[in-house]
Amino acid sequence: MTTDVTSTEMDQWLDSKLDELLPAKLKTIDENKTPSMAMIATKGTLDWAYPPFILASTSAALGWDTSIFFTFYGLLLLKKDLSDTLVSPLGNPAMPMKMPFGPKWFQNIDWNMPNLLMAGIPGFEKVATTLMKKTFKNKGVATVEELRELCLEADVKMVACQMTVDVFGFDQSEFIPEVTDYVGATYFLPVAKDADICLFI
Amino acid sequence: MTATTLGISIGEAIPDRRLSSNAYSGTIQLKGKRVRIEISESASQALAEQDKSLLVELELYFSCLVRKQIRFTAFQHEPQNDTDYTRVMKGLYASFRAVTTAHCRIDETDGKPPVETLPVKKPDLFVPDWLKIDFHAGRWLGEYGFRNDL
């Protein structure tokens, strides 16, 4: 026995079948997918060193595939020695100036110094860096070195921009050996395209 | 198990001079990872003098910043075959966990934590490389880190 099925009937049957099965199927695919995050790190001062490493270590802790593309001044975060990473108050009026020592009332004072004055005092960057490190240490915040170590332990993929390495005259031997690759934007953009979250820092 | 929180150590730096003479030094396994440990003489004495066991909980706190803290808890009896704890010596146990919270207040973990264990995929992930324990001015102090610079 044969049954003639018209094209319209077939489409209707397909539509209803898809409506019935597809949501559950898509949900299963979504649940089984490992989320991914791609970051572009472009800044190399101490205050800007924290965000990429904090977000990357947290994302990796959650089991997400995480990669960071270091370019321009962000390359400095890949240097073997991070101890000379500084924070600059210059052009950074949002930076609170508080003392991380002394009694509580003293620590609560916001030293509202003019930005121009801070920028003009020789060695102020070192002072600001020391204060920031001390503040973070008092609060138990992991250091940038430790955060990078956590990221490496958690298999965060770190790639560097070869072009910027060349332009700034860096040598690959200056960077940690864990740098996965020295690549260009054409390598990283497809990674960013496929990532669930992409951040530019 | 009756437990009493003795305190939380955040951002304490234990100077080397506290650990130089007669300090205990050794290694333990935390979640399968080898961790170097140093215990000051005063901490060893305090341990010997107390009748309760001491649990040193190393917590790595993930929020807008990643913070390290150590929670000291006293409990009446030694735990029986608890895989969450590692026995360091008689009366002293250590554990590690990565924790998180929905909120992000800096003082949130001070004693009354709404923290929850972060669902870290690999159990040994983020276990530190070293741990220092001290007892000074009636307080338990601890410090841990991730680089081999103990």
# chains A, B, ... in the order shown; residues from 1 in each chain; ligands from 1
$ closest_atom_pairs --of "segment 27-143 of chain A" --to "segment 167-182 of chain A" --cutoff "8 Å" --atoms "only C-alpha atoms" --output "tab-separated table"
residue	atom	partner	partner_atom	distance
A:Leu78	CA	A:Phe175	CA	5.3
A:Lys79	CA	A:Phe175	CA	4.3
A:Lys80	CA	A:Ile176	CA	5.0
$ closest_atom_pairs --of "segment 96-117 of chain A" --to "segment 129-153 of chain A" --cutoff "12 Å" --atoms "only C-alpha atoms" --output "JSON lines"
{"residue": "A:Pro96", "atom": "CA", "partner": "A:Met132", "partner_atom": "CA", "distance": 9.8}
{"residue": "A:Met97", "atom": "CA", "partner": "A:Leu131", "partner_atom": "CA", "distance": 8.6}
{"residue": "A:Lys98", "atom": "CA", "partner": "A:Leu131", "partner_atom": "CA", "distance": 8.0}
{"residue": "A:Met99", "atom": "CA", "partner": "A:Leu131", "partner_atom": "CA", "distance": 6.7}
{"residue": "A:Pro100", "atom": "CA", "partner": "A:Thr135", "partner_atom": "CA", "distance": 5.0}
{"residue": "A:Phe101", "atom": "CA", "partner": "A:Thr135", "partner_atom": "CA", "distance": 8.3}
{"residue": "A:Gly102", "atom": "CA", "partner": "A:Thr135", "partner_atom": "CA", "distance": 11.8}
{"residue": "A:Gln107", "atom": "CA", "partner": "A:Thr135", "partner_atom": "CA", "distance": 10.0}
$ write_last_selection --atoms "N, CA and C atoms" --output "CSV table (one decimal), in the first residue's frame"
chain,number,residue,atom,x,y,z
A,96,PRO,N,42.5,55.6,44.1
A,96,PRO,CA,42.4,56.1,45.4
A,96,PRO,C,43.8,56.1,46.1
A,97,MET,N,44.1,57.2,46.8
A,97,MET,CA,45.4,57.3,47.5
A,97,MET,C,45.1,57.1,49.0
A,98,LYS,N,45.3,55.9,49.4
A,98,LYS,CA,45.0,55.6,50.8
A,98,LYS,C,46.2,54.8,51.4
A,99,MET,N,46.5,55.0,52.6
A,99,MET,CA,47.7,54.4,53.3
A,99,MET,C,47.3,53.0,53.8
A,100,PRO,N,48.1,52.0,53.5
A,100,PRO,CA,47.8,50.7,53.9
A,100,PRO,C,48.4,50.3,55.3
A,101,PHE,N,48.7,51.3,56.1
A,101,PHE,CA,49.3,51.1,57.4
A,101,PHE,C,48.7,52.2,58.4
A,102,GLY,N,49.0,52.0,59.7
A,102,GLY,CA,48.5,52.9,60.7
A,102,GLY,C,47.1,52.6,61.1
A,107,GLN,N,44.0,55.1,57.8
A,107,GLN,CA,43.9,54.3,56.5
A,107,GLN,C,42.7,54.7,55.7
$ residues_around --residues "Gln50 of chain B" --least-positions-apart "2" --cutoff "12 Å" --atoms "only C-alpha atoms" --output "list in words"
Ala43, Ser44, Gln45, Ala46, Leu47, Ala48, Lys52, Ser53, Leu54, Ala74, Phe75, Gln76, Lys90, Gly91 and Leu92 of chain B
$ closest_atom_pairs --of "chain B" --to "chain A" --cutoff "10 Å" --atoms "only C-alpha atoms" --output "JSON lines"
{"residue": "B:Ser9", "atom": "CA", "partner": "A:Gly140", "partner_atom": "CA", "distance": 8.6}
{"residue": "B:Ile10", "atom": "CA", "partner": "A:Gly140", "partner_atom": "CA", "distance": 5.0}
{"residue": "B:Gly11", "atom": "CA", "partner": "A:Gly140", "partner_atom": "CA", "distance": 4.0}
{"residue": "B:Glu12", "atom": "CA", "partner": "A:Asn138", "partner_atom": "CA", "distance": 7.1}
{"residue": "B:Ala13", "atom": "CA", "partner": "A:Lys137", "partner_atom": "CA", "distance": 8.6}
{"residue": "B:Leu60", "atom": "CA", "partner": "A:Ala142", "partner_atom": "CA", "distance": 9.0}
{"residue": "B:Tyr61", "atom": "CA", "partner": "A:Val141", "partner_atom": "CA", "distance": 9.0}
{"residue": "B:Phe62", "atom": "CA", "partner": "A:Thr58", "partner_atom": "CA", "distance": 6.5}
{"residue": "B:Ser63", "atom": "CA", "partner": "A:Thr58", "partner_atom": "CA", "distance": 8.0}
{"residue": "B:Cys64", "atom": "CA", "partner": "A:Ile54", "partner_atom": "CA", "distance": 7.4}
{"residue": "B:Leu65", "atom": "CA", "partner": "A:Ile54", "partner_atom": "CA", "distance": 6.3}
{"residue": "B:Val66", "atom": "CA", "partner": "A:Val141", "partner_atom": "CA", "distance": 5.8}
{"residue": "B:Arg67", "atom": "CA", "partner": "A:Val141", "partner_atom": "CA", "distance": 4.1}
{"residue": "B:Lys68", "atom": "CA", "partner": "A:Gly140", "partner_atom": "CA", "distance": 5.1}
{"residue": "B:Gln69", "atom": "CA", "partner": "A:Gly140", "partner_atom": "CA", "distance": 6.4}
{"residue": "B:Ile70", "atom": "CA", "partner": "A:Gly140", "partner_atom": "CA", "distance": 9.7}
{"residue": "B:Ala98", "atom": "CA", "partner": "A:Ala61", "partner_atom": "CA", "distance": 8.6}
{"residue": "B:Thr100", "atom": "CA", "partner": "A:Thr58", "partner_atom": "CA", "distance": 9.6}
{"residue": "B:Ile106", "atom": "CA", "partner": "A:Lys139", "partner_atom": "CA", "distance": 7.7}
{"residue": "B:Asp107", "atom": "CA", "partner": "A:Lys139", "partner_atom": "CA", "distance": 9.0}
{"residue": "B:Leu118", "atom": "CA", "partner": "A:Leu62", "partner_atom": "CA", "distance": 7.4}
{"residue": "B:Pro119", "atom": "CA", "partner": "A:Leu62", "partner_atom": "CA", "distance": 6.3}
{"residue": "B:Val120", "atom": "CA", "partner": "A:Ala61", "partner_atom": "CA", "distance": 5.1}
{"residue": "B:Lys121", "atom": "CA", "partner": "A:Gly63", "partner_atom": "CA", "distance": 5.6}
{"residue": "B:Lys122", "atom": "CA", "partner": "A:Ala61", "partner_atom": "CA", "distance": 8.3}
{"residue": "B:Asp124", "atom": "CA", "partner": "A:Glu153", "partner_atom": "CA", "distance": 9.8}
{"residue": "B:Leu125", "atom": "CA", "partner": "A:Ala154", "partner_atom": "CA", "distance": 6.6}
{"residue": "B:Phe126", "atom": "CA", "partner": "A:Leu150", "partner_atom": "CA", "distance": 6.1}
{"residue": "B:Val127", "atom": "CA", "partner": "A:Leu150", "partner_atom": "CA", "distance": 9.2}
{"residue": "B:Pro128", "atom": "CA", "partner": "A:Leu150", "partner_atom": "CA", "distance": 9.2}
{"residue": "B:Glu143", "atom": "CA", "partner": "A:Gly140", "partner_atom": "CA", "distance": 9.4}
{"residue": "B:Gly145", "atom": "CA", "partner": "A:Glu146", "partner_atom": "CA", "distance": 7.5}
{"residue": "B:Phe146", "atom": "CA", "partner": "A:Glu146", "partner_atom": "CA", "distance": 5.9}
{"residue": "B:Arg147", "atom": "CA", "partner": "A:Glu146", "partner_atom": "CA", "distance": 7.1}
$ select_by_dssp --residues "segment 39-90 of chain B" --states "strand (DSSP E)" --output "list in words"
Ile39, Ser53, Leu54, Leu55, Val56, Glu57, Leu58, Glu59, Leu60, Tyr61, Phe62, Val66, Arg67, Lys68, Gln69, Ile70, Arg71, Phe72, Thr73, Ala74, Phe75, Thr86, Arg87, Val88 and Met89 of chain B
$ write_last_selection --atoms "C-alpha atoms" --output "compact mmCIF listing (two decimals), in the first residue's frame"
# COMPACT_ATOMS: atom_id res chain seq x y z
CA ILE B 39 55.72 25.25 61.70
CA SER B 53 42.94 19.10 67.38
CA LEU B 54 43.62 21.98 65.02
CA LEU B 55 42.40 22.11 61.45
CA VAL B 56 44.18 24.55 59.14
CA GLU B 57 41.92 25.24 56.16
CA LEU B 58 43.65 26.88 53.23
CA GLU B 59 41.08 28.75 51.20
CA LEU B 60 41.59 30.36 47.82
CA TYR B 61 38.79 32.83 47.39
CA PHE B 62 37.65 33.64 43.85
CA VAL B 66 41.65 36.25 44.06
CA ARG B 67 42.43 36.16 47.76
CA LYS B 68 44.22 33.76 50.05
CA GLN B 69 43.09 33.10 53.59
CA ILE B 70 43.62 30.48 56.24
CA ARG B 71 40.90 29.44 58.65
CA PHE B 72 41.92 27.89 61.98
CA THR B 73 39.38 25.59 63.58
CA ALA B 74 39.65 23.54 66.76
CA PHE B 75 37.71 20.33 67.12
CA THR B 86 45.54 15.66 55.59
CA ARG B 87 47.17 14.73 58.85
CA VAL B 88 50.29 16.84 59.37
CA MET B 89 51.17 15.55 62.82
$ atom_distance --atom1 "atom CA of Lys132 of chain B" --atom2 "atom CA of Val99 of chain B"
20.5 Å
$ residues_around --residues "Asp196 of chain A" --least-positions-apart "3" --cutoff "9 Å" --atoms "only C-alpha atoms" --output "list in words"
Pro35, Ser36, Met37, Ala38, Ala192 and Lys193 of chain A
$ write_last_selection --atoms "N, CA and C atoms" --output "short mmCIF file (atom, residue, chain, number, x, y, z; two decimals), in the first residue's frame"
data_model
loop_
_atom_site.label_atom_id
_atom_site.label_comp_id
_atom_site.auth_asym_id
_atom_site.auth_seq_id
_atom_site.Cartn_x
_atom_site.Cartn_y
_atom_site.Cartn_z
N PRO A 35 32.41 25.69 28.07
CA PRO A 35 32.47 27.12 27.73
C PRO A 35 33.90 27.57 27.46
N SER A 36 34.03 28.62 26.73
CA SER A 36 35.37 29.11 26.44
C SER A 36 35.44 30.63 26.57
N MET A 37 36.62 31.11 26.93
CA MET A 37 36.82 32.55 27.06
C MET A 37 38.14 32.93 26.39
N ALA A 38 38.10 33.98 25.61
CA ALA A 38 39.31 34.49 24.97
C ALA A 38 39.51 35.94 25.39
N ALA A 192 38.90 33.91 19.03
CA ALA A 192 37.95 34.84 19.66
C ALA A 192 36.55 34.66 19.08
N LYS A 193 36.48 34.42 17.80
CA LYS A 193 35.16 34.26 17.16
C LYS A 193 34.41 33.06 17.74
#
$ closest_residue --among "A:Trp111, A:Phe188, A:Trp105, A:Phe72" --to "Val159 of chain A" --atoms "only C-alpha atoms"
A:Phe188
$ atom_distance --atom1 "atom CA of Met95 of chain A" --atom2 "atom CA of Leu199 of chain A"
22.4 Å
$ select_by_dssp --residues "chain A" --states "alpha helix (DSSP H)" --output "JSON, numbers by chain"
{"A": [7, 8, 9, 10, 11, 12, 13, 14, 15, 16, 17, 18, 19, 20, 21, 22, 23, 24, 25, 26, 27, 28, 29, 30, 31, 32, 46, 47, 48, 49, 50, 51, 52, 53, 54, 55, 56, 57, 58, 59, 60, 61, 104, 105, 106, 107, 115, 116, 117, 118, 119, 120, 124, 125, 126, 127, 128, 129, 130, 131, 132, 133, 134, 135, 136, 137, 138, 144, 145, 146, 147, 148, 149, 150, 151, 152, 153, 162, 163, 164, 165, 166, 167, 185, 186, 187, 188, 189, 190, 191, 192, 193, 194]}
$ atom_distance --atom1 "atom CA of Ser67 of chain A" --atom2 "atom CA of Gly184 of chain A"
14.2 Å
$ residues_around --residues "segment 113-119 of chain A" --least-positions-apart "5" --cutoff "7 Å" --atoms "only C-alpha atoms" --output "PyMOL selection string"
chain A and resi 89-91+93+124
$ write_last_selection --atoms "C-alpha atoms" --output "short mmCIF file (atom, residue, chain, number, x, y, z; two decimals), in the first residue's frame"
data_model
loop_
_atom_site.label_atom_id
_atom_site.label_comp_id
_atom_site.auth_asym_id
_atom_site.auth_seq_id
_atom_site.Cartn_x
_atom_site.Cartn_y
_atom_site.Cartn_z
CA PRO A 89 49.16 57.64 39.16
CA LEU A 90 49.75 59.80 36.07
CA GLY A 91 46.54 60.13 34.08
CA PRO A 93 42.71 60.25 38.76
CA PHE A 124 56.20 58.57 42.96
#
$ closest_residue --among "A:Thr66, A:Thr28, A:Thr6, A:Thr85" --to "Trp48 of chain A" --atoms "only C-alpha atoms"
A:Thr85
$ closest_residue --among "A:Ile121, A:Leu18, A:Ala128, A:Val183" --to "Met163 of chain A" --atoms "only C-alpha atoms"
A:Val183
